[in-house]
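Engineer: Next up, input.tsv (TSV, C-alpha atoms).
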chain	number	residue	atom	x	y	z
D	1	MET	CA	-13.88	-65.89	17.48
D	2	ILE	CA	-17.23	-65.20	15.83
D	3	MET	CA	-15.46	-64.25	12.65
D	4	SER	CA	-12.80	-66.95	12.73
D	5	HIS	CA	-13.32	-67.82	9.09
D	6	LEU	CA	-13.80	-64.32	7.79
D	7	PRO	CA	-11.02	-63.11	5.51
D	8	GLU	CA	-8.99	-60.36	7.21
D	9	ALA	CA	-10.08	-57.69	4.70
D	10	ILE	CA	-13.73	-58.38	5.46
D	11	SER	CA	-13.36	-58.45	9.22
D	12	GLN	CA	-11.50	-55.13	9.07
D	13	LEU	CA	-14.34	-53.65	7.05
D	14	VAL	CA	-16.80	-55.04	9.59
D	15	GLU	CA	-14.79	-53.37	12.37
D	16	GLU	CA	-14.91	-50.00	10.61
D	17	LEU	CA	-18.64	-50.26	9.92
D	18	ARG	CA	-19.32	-51.15	13.55
D	19	LYS	CA	-18.01	-47.75	14.59
D	20	LEU	CA	-20.97	-46.08	12.87
D	21	PRO	CA	-23.87	-45.05	15.09
D	22	GLY	CA	-26.66	-47.61	15.39
D	23	ILE	CA	-24.66	-50.29	13.54
D	24	GLY	CA	-24.18	-53.41	15.67
D	25	PRO	CA	-21.96	-56.39	14.88
D	26	LYS	CA	-24.62	-58.26	12.89
D	27	THR	CA	-25.63	-55.26	10.80
D	28	ALA	CA	-21.96	-54.46	10.17
D	29	GLN	CA	-21.42	-58.00	8.86
D	30	ARG	CA	-24.50	-57.82	6.68
D	31	LEU	CA	-23.36	-54.48	5.24
D	32	ALA	CA	-19.80	-55.70	4.65
D	33	PHE	CA	-21.02	-58.81	2.84
D	34	HIS	CA	-23.46	-56.78	0.79
D	35	LEU	CA	-20.69	-54.37	-0.23
D	36	VAL	CA	-18.24	-57.10	-1.20
D	37	VAL	CA	-20.85	-59.11	-3.10
D	38	SER	CA	-22.28	-56.01	-4.81
D	39	GLY	CA	-19.09	-55.72	-6.85
D	40	LYS	CA	-16.34	-53.23	-7.59
D	41	ASP	CA	-18.54	-50.61	-9.29
D	42	SER	CA	-20.78	-49.99	-6.33
D	43	MET	CA	-17.78	-50.17	-3.96
D	44	ASN	CA	-16.08	-47.52	-6.07
D	45	ARG	CA	-19.12	-45.25	-5.97
D	46	LEU	CA	-19.22	-45.43	-2.18
D	47	VAL	CA	-15.46	-44.87	-1.90
D	48	SER	CA	-15.52	-41.81	-4.15
D	49	SER	CA	-18.51	-40.27	-2.40
D	50	LEU	CA	-16.68	-40.72	0.91
D	51	ILE	CA	-13.55	-39.08	-0.52
D	52	GLU	CA	-15.63	-36.23	-1.99
D	53	ALA	CA	-17.29	-35.60	1.34
D	54	ARG	CA	-13.98	-35.84	3.19
D	55	ASP	CA	-12.30	-33.31	0.88
D	56	LYS	CA	-15.10	-30.85	0.14
D	57	ILE	CA	-17.03	-30.51	3.37
D	58	GLY	CA	-16.01	-28.14	6.12
D	59	TYR	CA	-17.66	-25.89	8.67
D	60	CYS	CA	-19.28	-22.55	7.93
D	61	SER	CA	-17.18	-19.83	9.58
D	62	VAL	CA	-20.37	-17.94	10.52
D	63	CYS	CA	-22.85	-20.51	11.79
D	64	GLY	CA	-20.69	-23.64	12.19
D	65	ASN	CA	-22.91	-25.82	9.98
D	66	LEU	CA	-21.45	-28.34	7.52
D	67	THR	CA	-20.94	-26.77	4.12
D	68	ASP	CA	-19.04	-26.89	0.83
D	69	VAL	CA	-18.96	-23.07	0.51
D	70	ASP	CA	-18.11	-20.48	3.13
D	71	PRO	CA	-20.31	-18.87	4.38
D	72	CYS	CA	-22.80	-21.69	3.92
D	73	GLY	CA	-25.86	-21.67	1.68
D	74	ILE	CA	-28.17	-20.78	4.55
D	75	CYS	CA	-26.03	-17.89	5.84
D	76	GLN	CA	-25.75	-16.55	2.26
D	77	ASP	CA	-29.47	-16.85	1.51
D	78	VAL	CA	-30.83	-13.29	1.31
D	79	ARG	CA	-34.43	-14.56	1.58
D	80	ARG	CA	-33.76	-15.71	5.14
D	81	ASP	CA	-34.37	-13.47	8.13
D	82	PRO	CA	-31.05	-12.58	9.83
D	83	SER	CA	-32.83	-11.13	12.86
D	84	VAL	CA	-33.68	-14.60	14.22
D	85	ILE	CA	-30.94	-17.09	15.13
D	86	CYS	CA	-31.79	-20.67	15.99
D	87	VAL	CA	-29.14	-22.26	18.25
D	88	VAL	CA	-28.64	-26.03	17.91
D	89	ALA	CA	-26.04	-28.46	19.22
D	90	TYR	CA	-25.10	-30.32	16.03
D	91	PRO	CA	-25.28	-29.97	12.22
D	92	LYS	CA	-27.82	-32.81	12.11
D	93	ASP	CA	-30.21	-30.64	14.13
D	94	VAL	CA	-30.09	-27.98	11.41
D	95	LEU	CA	-31.14	-30.68	8.97
D	96	ALA	CA	-34.02	-31.79	11.19
D	97	ILE	CA	-35.37	-28.23	11.47
D	98	GLU	CA	-34.90	-27.60	7.74
D	99	ARG	CA	-36.85	-30.77	7.03
D	100	ALA	CA	-39.74	-29.41	9.08
D	101	GLY	CA	-39.59	-26.36	6.80
D	102	ALA	CA	-41.07	-24.03	9.40
D	103	PHE	CA	-38.05	-21.81	10.09
D	104	ARG	CA	-36.74	-19.03	7.84
D	105	GLY	CA	-34.08	-17.46	10.04
D	106	LEU	CA	-30.40	-18.35	10.45
D	107	TYR	CA	-28.68	-20.99	12.58
D	108	HIS	CA	-25.86	-21.24	15.07
D	109	VAL	CA	-24.31	-24.66	15.66
D	110	LEU	CA	-22.66	-25.07	19.06
D	111	HIS	CA	-20.94	-28.39	18.26
D	112	GLY	CA	-21.80	-29.90	21.60
D	113	TYR	CA	-23.54	-29.35	24.89
D	114	ILE	CA	-22.30	-27.90	28.13
D	115	GLU	CA	-21.65	-31.02	30.23
D	116	PRO	CA	-19.99	-30.06	33.53
D	117	LEU	CA	-19.58	-33.70	34.60
D	118	LYS	CA	-17.50	-34.37	31.49
D	119	GLY	CA	-15.59	-31.15	31.92
D	120	ILE	CA	-17.21	-29.54	28.89
D	121	GLY	CA	-17.80	-25.89	29.70
D	122	PRO	CA	-19.02	-22.99	27.57
D	123	GLU	CA	-15.47	-22.43	26.24
D	124	GLU	CA	-15.43	-25.90	24.68
D	125	ILE	CA	-18.45	-25.19	22.46
D	126	ARG	CA	-19.18	-22.29	20.13
D	127	VAL	CA	-20.74	-19.94	22.70
D	128	LYS	CA	-18.28	-17.07	22.18
D	129	GLU	CA	-18.94	-17.19	18.42
D	130	LEU	CA	-22.65	-16.82	19.14
D	131	MET	CA	-22.12	-13.80	21.36
D	132	ASP	CA	-19.82	-12.27	18.73
D	133	ARG	CA	-22.53	-12.66	16.10
D	134	LEU	CA	-24.94	-10.64	18.17
D	135	VAL	CA	-22.69	-7.58	18.05
D	136	SER	CA	-20.82	-8.05	14.77
D	137	THR	CA	-23.69	-8.55	12.35
D	138	GLY	CA	-24.77	-5.38	10.59
D	139	ARG	CA	-28.43	-6.07	11.15
D	140	GLU	CA	-29.85	-6.42	14.62
D	141	VAL	CA	-30.56	-9.88	16.04
D	142	LYS	CA	-34.00	-9.66	17.65
D	143	GLU	CA	-34.55	-13.23	18.77
D	144	VAL	CA	-32.43	-16.23	19.68
D	145	ILE	CA	-34.30	-19.55	19.67
D	146	LEU	CA	-32.65	-22.16	21.89
D	147	ALA	CA	-33.32	-25.42	20.06
D	148	THR	CA	-31.21	-27.74	22.18
D	149	ASN	CA	-32.59	-31.18	23.01
D	150	PRO	CA	-35.22	-31.46	25.74
D	151	ASP	CA	-32.91	-33.46	28.03
D	152	VAL	CA	-30.49	-32.72	30.87
D	153	ASP	CA	-27.58	-31.50	28.71
D	154	GLY	CA	-29.89	-29.54	26.46
D	155	GLU	CA	-31.53	-27.85	29.46
D	156	THR	CA	-28.20	-27.06	31.10
D	157	THR	CA	-26.91	-25.48	27.89
D	158	ALA	CA	-30.14	-23.55	27.27
D	159	LEU	CA	-30.21	-22.19	30.83
D	160	TYR	CA	-26.61	-21.02	30.56
D	161	LEU	CA	-27.20	-19.36	27.18
D	162	ALA	CA	-30.43	-17.70	28.35
D	163	LYS	CA	-28.59	-16.19	31.31
D	164	GLU	CA	-25.84	-14.86	29.03
D	165	LEU	CA	-28.19	-13.59	26.35
D	166	LYS	CA	-30.83	-11.78	28.37
D	167	PRO	CA	-28.66	-8.77	29.39
D	168	ARG	CA	-27.96	-8.24	25.67
D	169	ASN	CA	-31.44	-6.99	24.94
D	170	VAL	CA	-32.42	-9.94	22.77
D	171	LYS	CA	-35.57	-12.05	23.01
D	172	VAL	CA	-34.65	-15.58	24.07
D	173	THR	CA	-37.09	-18.41	23.31
D	174	ARG	CA	-37.07	-22.17	23.68
D	175	LEU	CA	-38.78	-24.83	21.56
D	176	ALA	CA	-42.21	-25.73	22.98
D	177	ARG	CA	-42.47	-28.95	24.95
D	178	GLY	CA	-45.58	-31.05	24.88
D	179	LEU	CA	-47.19	-34.10	23.36
D	180	PRO	CA	-45.80	-35.00	19.95
D	181	PHE	CA	-48.23	-34.98	17.04
D	182	GLY	CA	-50.14	-38.25	16.80
D	183	ALA	CA	-49.24	-39.25	20.36
D	184	ASP	CA	-51.42	-41.40	22.58
D	185	LEU	CA	-51.99	-39.98	26.08
D	186	ASP	CA	-51.86	-43.47	27.42
D	187	TYR	CA	-48.31	-43.97	26.21
D	188	ALA	CA	-46.91	-40.51	26.99
D	189	ASP	CA	-44.29	-40.44	29.73
D	190	GLU	CA	-45.04	-38.56	32.94
D	191	VAL	CA	-42.61	-35.69	32.33
D	192	THR	CA	-44.00	-34.97	28.86
D	193	LEU	CA	-47.55	-35.17	30.13
D	194	SER	CA	-47.01	-32.87	33.11
D	195	LYS	CA	-45.03	-30.39	30.97
D	196	SER	CA	-47.82	-30.26	28.42
D	197	LEU	CA	-50.41	-29.74	31.15
D	198	GLU	CA	-48.27	-26.95	32.63
D	199	ALA	CA	-47.91	-25.29	29.23
D	200	ARG	CA	-51.56	-25.74	28.22
D	201	ARG	CA	-52.98	-23.09	25.91
D	202	GLU	CA	-56.41	-21.56	25.75
D	203	MET	CA	-58.32	-22.45	22.62
D	204	THR	CA	-59.55	-19.41	20.73
O	205	MET	CA	-36.46	-31.28	-1.50
O	206	ILE	CA	-35.81	-32.78	1.88
O	207	MET	CA	-32.12	-32.11	1.43
O	208	SER	CA	-32.42	-28.67	-0.18
O	209	HIS	CA	-29.74	-27.21	2.05
O	210	LEU	CA	-27.41	-30.17	2.12
O	211	PRO	CA	-24.07	-29.64	0.38
O	212	GLU	CA	-23.87	-31.73	-2.80
O	213	ALA	CA	-21.01	-33.89	-1.47
O	214	ILE	CA	-23.09	-34.87	1.56
O	215	SER	CA	-26.28	-35.61	-0.38
O	216	GLN	CA	-24.28	-37.81	-2.76
O	217	LEU	CA	-22.85	-39.72	0.20
O	218	VAL	CA	-26.38	-40.07	1.60
O	219	GLU	CA	-27.54	-41.47	-1.75
O	220	GLU	CA	-24.76	-44.08	-1.76
O	221	LEU	CA	-25.43	-45.10	1.85
O	222	ARG	CA	-29.15	-45.46	1.11
O	223	LYS	CA	-28.32	-48.25	-1.34
O	224	LEU	CA	-27.14	-50.44	1.53
O	225	PRO	CA	-29.60	-53.03	2.84
O	226	GLY	CA	-31.71	-51.88	5.77
O	227	ILE	CA	-30.50	-48.26	5.51
O	228	GLY	CA	-33.41	-45.85	4.97
O	229	PRO	CA	-33.15	-42.14	4.15
O	230	LYS	CA	-32.99	-41.00	7.77
O	231	THR	CA	-30.34	-43.54	8.78
O	232	ALA	CA	-28.32	-42.66	5.67
O	233	GLN	CA	-28.36	-39.00	6.66
O	234	ARG	CA	-27.39	-39.80	10.22
O	235	LEU	CA	-24.49	-41.97	9.01
O	236	ALA	CA	-23.30	-39.37	6.49
O	237	PHE	CA	-23.32	-36.61	9.11
O	238	HIS	CA	-21.53	-38.85	11.57
O	239	LEU	CA	-18.84	-39.68	9.02
O	240	VAL	CA	-18.26	-36.08	7.99
O	241	VAL	CA	-18.22	-34.82	11.58
O	242	SER	CA	-16.00	-37.67	12.78
O	243	GLY	CA	-13.11	-36.22	10.78
O	244	LYS	CA	-10.65	-37.18	8.10
O	245	ASP	CA	-8.87	-39.92	10.06
O	246	SER	CA	-11.92	-42.07	10.59
O	247	MET	CA	-13.09	-41.37	7.02
O	248	ASN	CA	-9.69	-42.55	5.79
O	249	ARG	CA	-9.88	-45.75	7.80
O	250	LEU	CA	-13.28	-46.58	6.31
O	251	VAL	CA	-12.12	-45.71	2.80
O	252	SER	CA	-9.02	-47.89	3.04
O	253	SER	CA	-10.89	-50.83	4.51
O	254	LEU	CA	-13.36	-50.58	1.61
O	255	ILE	CA	-10.51	-50.49	-0.90
O	256	GLU	CA	-8.79	-53.43	0.82
O	257	ALA	CA	-11.97	-55.47	0.70
O	258	ARG	CA	-12.62	-54.48	-2.91
O	259	ASP	CA	-9.13	-55.50	-4.02
O	260	LYS	CA	-8.42	-58.55	-1.90
O	261	ILE	CA	-11.72	-60.40	-1.67
O	262	GLY	CA	-12.88	-62.81	-4.33
O	263	TYR	CA	-14.75	-66.11	-4.53
O	264	CYS	CA	-13.32	-69.50	-3.61
O	265	SER	CA	-13.04	-71.55	-6.81
O	266	VAL	CA	-14.13	-74.66	-4.91
O	267	CYS	CA	-17.03	-73.66	-2.67
O	268	GLY	CA	-17.88	-70.17	-3.95
O	269	ASN	CA	-17.52	-68.50	-0.55
O	270	LEU	CA	-15.91	-65.07	-0.13
O	271	THR	CA	-12.17	-65.39	0.48
O	272	ASP	CA	-8.78	-63.73	0.25
O	273	VAL	CA	-7.01	-67.00	-0.59
O	274	ASP	CA	-8.01	-69.67	-3.10
O	275	PRO	CA	-9.17	-72.24	-2.12
O	276	CYS	CA	-10.66	-70.55	0.94
O	277	GLY	CA	-9.68	-71.15	4.57
O	278	ILE	CA	-12.54	-73.57	5.13
O	279	CYS	CA	-11.86	-75.66	2.01
O	280	GLN	CA	-8.16	-75.82	2.97
O	281	ASP	CA	-8.79	-76.72	6.60
O	282	VAL	CA	-7.69	-80.36	7.01
O	283	ARG	CA	-9.55	-80.64	10.32
O	284	ARG	CA	-12.86	-80.31	8.52
O	285	ASP	CA	-14.78	-83.30	7.20
O	286	PRO	CA	-14.85	-83.28	3.38
O	287	SER	CA	-17.47	-86.04	3.26
O	288	VAL	CA	-20.25	-83.63	4.27
O	289	ILE	CA	-21.15	-80.62	2.11
O	290	CYS	CA	-23.56	-78.00	3.35
O	291	VAL	CA	-25.27	-76.17	0.49
O	292	VAL	CA	-26.28	-72.54	1.10
O	293	ALA	CA	-27.53	-69.73	-1.10
O	294	TYR	CA	-25.19	-66.89	-0.12
O	295	PRO	CA	-21.82	-66.28	1.60
O	296	LYS	CA	-23.63	-64.68	4.54
O	297	ASP	CA	-25.31	-68.05	5.20
O	298	VAL	CA	-21.88	-69.65	5.64
O	299	LEU	CA	-21.14	-67.03	8.25
O	300	ALA	CA	-24.43	-67.71	10.06
O	301	ILE	CA	-23.70	-71.45	10.26
O	302	GLU	CA	-20.08	-70.86	11.29
O	303	ARG	CA	-21.33	-68.58	14.04
O	304	ALA	CA	-23.50	-71.41	15.35
O	305	GLY	CA	-20.28	-73.47	15.45
O	306	ALA	CA	-22.09	-76.80	15.05
O	307	PHE	CA	-20.87	-77.83	11.60
O	308	ARG	CA	-17.43	-79.22	10.74
O	309	GLY	CA	-17.88	-80.16	7.09
O	310	LEU	CA	-17.42	-78.09	3.93
O	311	TYR	CA	-19.73	-75.63	2.19
O	312	HIS	CA	-21.07	-75.00	-1.26
O	313	VAL	CA	-22.42	-71.53	-2.02
O	314	LEU	CA	-25.01	-71.43	-4.82
O	315	HIS	CA	-25.05	-67.62	-5.15
O	316	GLY	CA	-28.80	-67.49	-5.49
O	317	TYR	CA	-31.99	-69.48	-5.51
O	318	ILE	CA	-33.83	-71.16	-8.34
O	319	GLU	CA	-36.65	-68.71	-9.04
O	320	PRO	CA	-38.60	-69.80	-12.14
O	321	LEU	CA	-40.80	-66.68	-12.08
O	322	LYS	CA	-37.72	-64.48	-12.39
O	323	GLY	CA	-36.22	-66.74	-15.05
O	324	ILE	CA	-33.50	-67.99	-12.70
O	325	GLY	CA	-32.97	-71.67	-13.44
O	326	PRO	CA	-30.37	-74.14	-12.13
O	327	GLU	CA	-27.89	-72.94	-14.80
O	328	GLU	CA	-27.86	-69.44	-13.32
O	329	ILE	CA	-26.66	-70.61	-9.92
O	330	ARG	CA	-23.75	-72.86	-8.97
O	331	VAL	CA	-25.55	-76.21	-9.30
O	332	LYS	CA	-23.22	-77.70	-11.91
O	333	GLU	CA	-20.21	-76.88	-9.73
O	334	LEU	CA	-21.86	-78.78	-6.88
O	335	MET	CA	-22.45	-81.85	-9.05
O	336	ASP	CA	-18.85	-81.66	-10.28
O	337	ARG	CA	-17.59	-81.64	-6.70
O	338	LEU	CA	-19.36	-84.93	-6.00
O	339	VAL	CA	-17.33	-86.72	-8.65
O	340	SER	CA	-14.09	-84.74	-8.74
O	341	THR	CA	-13.14	-84.76	-5.06
O	342	GLY	CA	-10.71	-87.50	-4.17
O	343	ARG	CA	-12.63	-88.45	-1.06
O	344	GLU	CA	-16.21	-89.57	-1.23
O	345	VAL	CA	-19.01	-87.13	-0.36
O	346	LYS	CA	-21.40	-89.04	1.86
O	347	GLU	CA	-23.94	-86.37	2.73
O	348	VAL	CA	-25.22	-83.14	1.23
O	349	ILE	CA	-27.10	-80.89	3.67
O	350	LEU	CA	-29.49	-78.52	1.93
O	351	ALA	CA	-29.39	-75.40	4.11
O	352	THR	CA	-31.44	-73.11	1.91
O	353	ASN	CA	-33.95	-70.80	3.60
O	354	PRO	CA	-37.26	-72.24	4.78
O	355	ASP	CA	-39.28	-70.20	2.28
O	356	VAL	CA	-40.68	-70.67	-1.24
O	357	ASP	CA	-37.42	-70.09	-3.13
O	358	GLY	CA	-35.44	-72.13	-0.63
O	359	GLU	CA	-37.89	-75.03	-0.88
O	360	THR	CA	-37.95	-74.89	-4.70
O	361	THR	CA	-34.17	-74.97	-4.81
O	362	ALA	CA	-33.90	-77.74	-2.20
O	363	LEU	CA	-36.47	-79.91	-4.00
O	364	TYR	CA	-34.63	-79.52	-7.30
O	365	LEU	CA	-31.26	-80.35	-5.75
O	366	ALA	CA	-32.65	-83.33	-3.85
O	367	LYS	CA	-34.05	-84.75	-7.09
O	368	GLU	CA	-30.69	-84.30	-8.84
O	369	LEU	CA	-28.62	-85.61	-5.95
O	370	LYS	CA	-30.52	-88.73	-4.97
O	371	PRO	CA	-29.52	-90.86	-8.01
O	372	ARG	CA	-25.88	-90.10	-7.14
O	373	ASN	CA	-25.86	-92.32	-4.14
O	374	VAL	CA	-25.44	-89.52	-1.61
O	375	LYS	CA	-27.47	-88.92	1.50
O	376	VAL	CA	-29.48	-85.70	1.13
O	377	THR	CA	-30.69	-83.91	4.27
O	378	ARG	CA	-32.48	-80.65	5.00
O	379	LEU	CA	-32.21	-78.40	8.05
O	380	ALA	CA	-34.88	-79.27	10.62
O	381	ARG	CA	-37.91	-77.03	10.77
O	382	GLY	CA	-39.68	-76.29	13.99
O	383	LEU	CA	-40.06	-73.80	16.77
O	384	PRO	CA	-37.05	-71.53	17.26
O	385	PHE	CA	-35.30	-71.70	20.63
O	386	GLY	CA	-37.00	-69.44	23.14
O	387	ALA	CA	-40.17	-69.17	21.07
O	388	ASP	CA	-43.63	-68.68	22.52
O	389	LEU	CA	-46.26	-71.10	21.18
O	390	ASP	CA	-48.77	-68.30	21.30
O	391	TYR	CA	-46.78	-66.22	18.84
O	392	ALA	CA	-45.65	-68.97	16.48
O	393	ASP	CA	-47.15	-68.77	13.00
O	394	GLU	CA	-49.42	-71.59	11.81
O	395	VAL	CA	-46.98	-73.05	9.30
O	396	THR	CA	-44.16	-73.28	11.82
O	397	LEU	CA	-46.46	-74.78	14.42
O	398	SER	CA	-47.96	-77.40	12.11
O	399	LYS	CA	-44.50	-78.29	10.73
O	400	SER	CA	-43.13	-78.76	14.22
O	401	LEU	CA	-46.10	-80.94	15.17
O	402	GLU	CA	-45.60	-83.00	12.01
O	403	ALA	CA	-41.89	-83.42	12.78
O	404	ARG	CA	-42.37	-84.12	16.47
O	405	ARG	CA	-39.78	-86.38	18.06
O	406	GLU	CA	-40.10	-88.98	20.72
O	407	MET	CA	-38.37	-88.06	23.95
O	408	THR	CA	-35.90	-90.67	25.07
How would this structure read if it were set down as structure tokens?

Structural biologist:
Amino acid sequence: MIMSHLPEAISQLVEELRKLPGIGPKTAQRLAFHLVVSGKDSMNRLVSSLIEARDKIGYCSVCGNLTDVDPCGICQDVRRDPSVICVVAYPKDVLAIERAGAFRGLYHVLHGYIEPLKGIGPEEIRVKELMDRLVSTGREVKEVILATNPDVDGETTALYLAKELKPRNVKVTRLARGLPFGADLDYADEVTLSKSLEARREMT
Amino acid sequence: MIMSHLPEAISQLVEELRKLPGIGPKTAQRLAFHLVVSGKDSMNRLVSSLIEARDKIGYCSVCGNLTDVDPCGICQDVRRDPSVICVVAYPKDVLAIERAGAFRGLYHVLHGYIEPLKGIGPEEIRVKELMDRLVSTGREVKEVILATNPDVDGETTALYLAKELKPRNVKVTRLARGLPFGADLDYADEVTLSKSLEARREMT
């Protein structure tokens, strides 16, 4: 009823935009109106970039990241250290770590978390592919960094992977937990604060 | 540099999404990744709704609102009162007022504000079309509501229109200014507070 006087083509566009993450009904309307008012040229640019992405982007057969070449740019990069594999849940996590610029090894994208309550077990995500990489790569994998989110699903998945990986003679590490940079003690939640006390480090 | 390892097709999509209002670089990346990961079907639905909107939506020749028929659904609606015209700057403002559901007259969309500093005069927006409507419509227009934004450009435009409209024997009104519903006096800005004192109404 809210959109009673919206032309059908606009309300359909609004519906499609609402499916995007973080886009509520009001934002979707604002975006739809902006697009329609902005004219055919800018609509066409958006449409063709969507079609390009749809047709050219797939998953890397090695690491599972989004790519337009296979293996992907990161897997092919000879300057990167193949002895360290950073395991993440989704392609966007690769992007976040690349943005930080502090990692020079390779990635492995699981495409999900182990979520027993939803019936998602290790077979539903790319766990087997990870194990295969440990034996199939020519060069030895010395360390697997478990960079899953610091929440319930991330912990569940990391614990499972750690258990599977340890017998394979590979070092298994987890991203450090603690206070984020620039944080205010006063505003830190209890779990973060107690974890960062627990993991306190001696100053040298 | 942020997107050094993003495939070209994704970074182009990110660039296009960044042009949308309220979408910053991080949101654009999140949206692009979501779209690519969500698969071809949902990409196709978004693409076709964009193409539909691009091809079917135009401006109403009477009121200037976005529409897929001409004149638009509101202008054609015989249940609406043609003796009251509500003047707004943009199509999205029509939507906002329709959402409120408290207006049963017709609209006139100016497609902009008078902004002398940017060289936008009355000729650049749909002022002449408004004046023409006052004489050309069969039925008499009794009231013009100036529903431009309560800011500098909105005031400038409203003052200009009021000056032009008054000699034409039509009642000219402006949306009331005051405290928004649910507001906290403590947080209200000085202008709003003094305007709502100035415009105080006797309780009956």

Engineer: Using only C-alpha atoms, find the one residue out of O:Ser246, O:Thr396, O:Ser253, O:Thr361 that sits nearest to chain D.

Structural biologist: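 When distances to chain D are compared using only C-alpha atoms, the smallest one comes from O:Ser253.
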
Engineer: So that I can see what lies close to Asp393 of chain O, please list as a PDB file with C-alpha atoms, in the frame of the given file the residues with an atom at most 12 Å from it, counting all atoms listed in the file and leaving out residues fewer than 6 positions away in the same chain.

Structural biologist:
ATOM      1  CA  GLY O 382     -39.680 -76.290  13.990  1.00  0.00           C
ATOM      2  CA  LEU O 383     -40.060 -73.800  16.770  1.00  0.00           C
ATOM      3  CA  PRO O 384     -37.050 -71.530  17.260  1.00  0.00           C
ATOM      4  CA  ALA O 387     -40.170 -69.170  21.070  1.00  0.00           C
ATOM      5  CA  LYS O 399     -44.500 -78.290  10.730  1.00  0.00           C
ATOM      6  CA  SER O 400     -43.130 -78.760  14.220  1.00  0.00           C
TER       7      SER O 400
END

Engineer: Compute the set of chain D residues within 7 Å of chain O, using all atoms listed in the file, and express it as a PDB file with C-alpha atoms, keeping the file's coordinate frame.

Structural biologist:
ATOM      1  CA  ILE D   2     -17.230 -65.200  15.830  1.00  0.00           C
ATOM      2  CA  HIS D   5     -13.320 -67.820   9.090  1.00  0.00           C
ATOM      3  CA  PRO D   7     -11.020 -63.110   5.510  1.00  0.00           C
ATOM      4  CA  ALA D   9     -10.080 -57.690   4.700  1.00  0.00           C
ATOM      5  CA  ILE D  10     -13.730 -58.380   5.460  1.00  0.00           C
ATOM      6  CA  GLN D  12     -11.500 -55.130   9.070  1.00  0.00           C
ATOM      7  CA  LEU D  13     -14.340 -53.650   7.050  1.00  0.00           C
ATOM      8  CA  GLU D  16     -14.910 -50.000  10.610  1.00  0.00           C
ATOM      9  CA  LEU D  20     -20.970 -46.080  12.870  1.00  0.00           C
ATOM     10  CA  PRO D  21     -23.870 -45.050  15.090  1.00  0.00           C
ATOM     11  CA  LEU D  31     -23.360 -54.480   5.240  1.00  0.00           C
ATOM     12  CA  PHE D  33     -21.020 -58.810   2.840  1.00  0.00           C
ATOM     13  CA  VAL D  36     -18.240 -57.100  -1.200  1.00  0.00           C
ATOM     14  CA  LYS D  40     -16.340 -53.230  -7.590  1.00  0.00           C
ATOM     15  CA  MET D  43     -17.780 -50.170  -3.960  1.00  0.00           C
ATOM     16  CA  LEU D  46     -19.220 -45.430  -2.180  1.00  0.00           C
ATOM     17  CA  VAL D  47     -15.460 -44.870  -1.900  1.00  0.00           C
ATOM     18  CA  SER D  49     -18.510 -40.270  -2.400  1.00  0.00           C
ATOM     19  CA  LEU D  50     -16.680 -40.720   0.910  1.00  0.00           C
ATOM     20  CA  GLU D  52     -15.630 -36.230  -1.990  1.00  0.00           C
ATOM     21  CA  ALA D  53     -17.290 -35.600   1.340  1.00  0.00           C
ATOM     22  CA  ARG D  54     -13.980 -35.840   3.190  1.00  0.00           C
ATOM     23  CA  LYS D  56     -15.100 -30.850   0.140  1.00  0.00           C
ATOM     24  CA  THR D  67     -20.940 -26.770   4.120  1.00  0.00           C
ATOM     25  CA  ASP D  68     -19.040 -26.890   0.830  1.00  0.00           C
ATOM     26  CA  GLY D  73     -25.860 -21.670   1.680  1.00  0.00           C
ATOM     27  CA  LYS D  92     -27.820 -32.810  12.110  1.00  0.00           C
ATOM     28  CA  ARG D  99     -36.850 -30.770   7.030  1.00  0.00           C
TER      29      ARG D  99
END

Engineer: Mind giving me the straight-line distance from atom CA of Ser194 of chain D to atom CA of Arg174 of chain D in Å, one decimal?

Structural biologist: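 Atom-to-atom, atom CA of Ser194 of chain D to atom CA of Arg174 of chain D, that is 17.4 Å.
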
Engineer: Do you have the atom CA of Leu146 of chain D-atom CA of Ala162 of chain D distance handy?

Structural biologist: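 The value is 8.2 Å.
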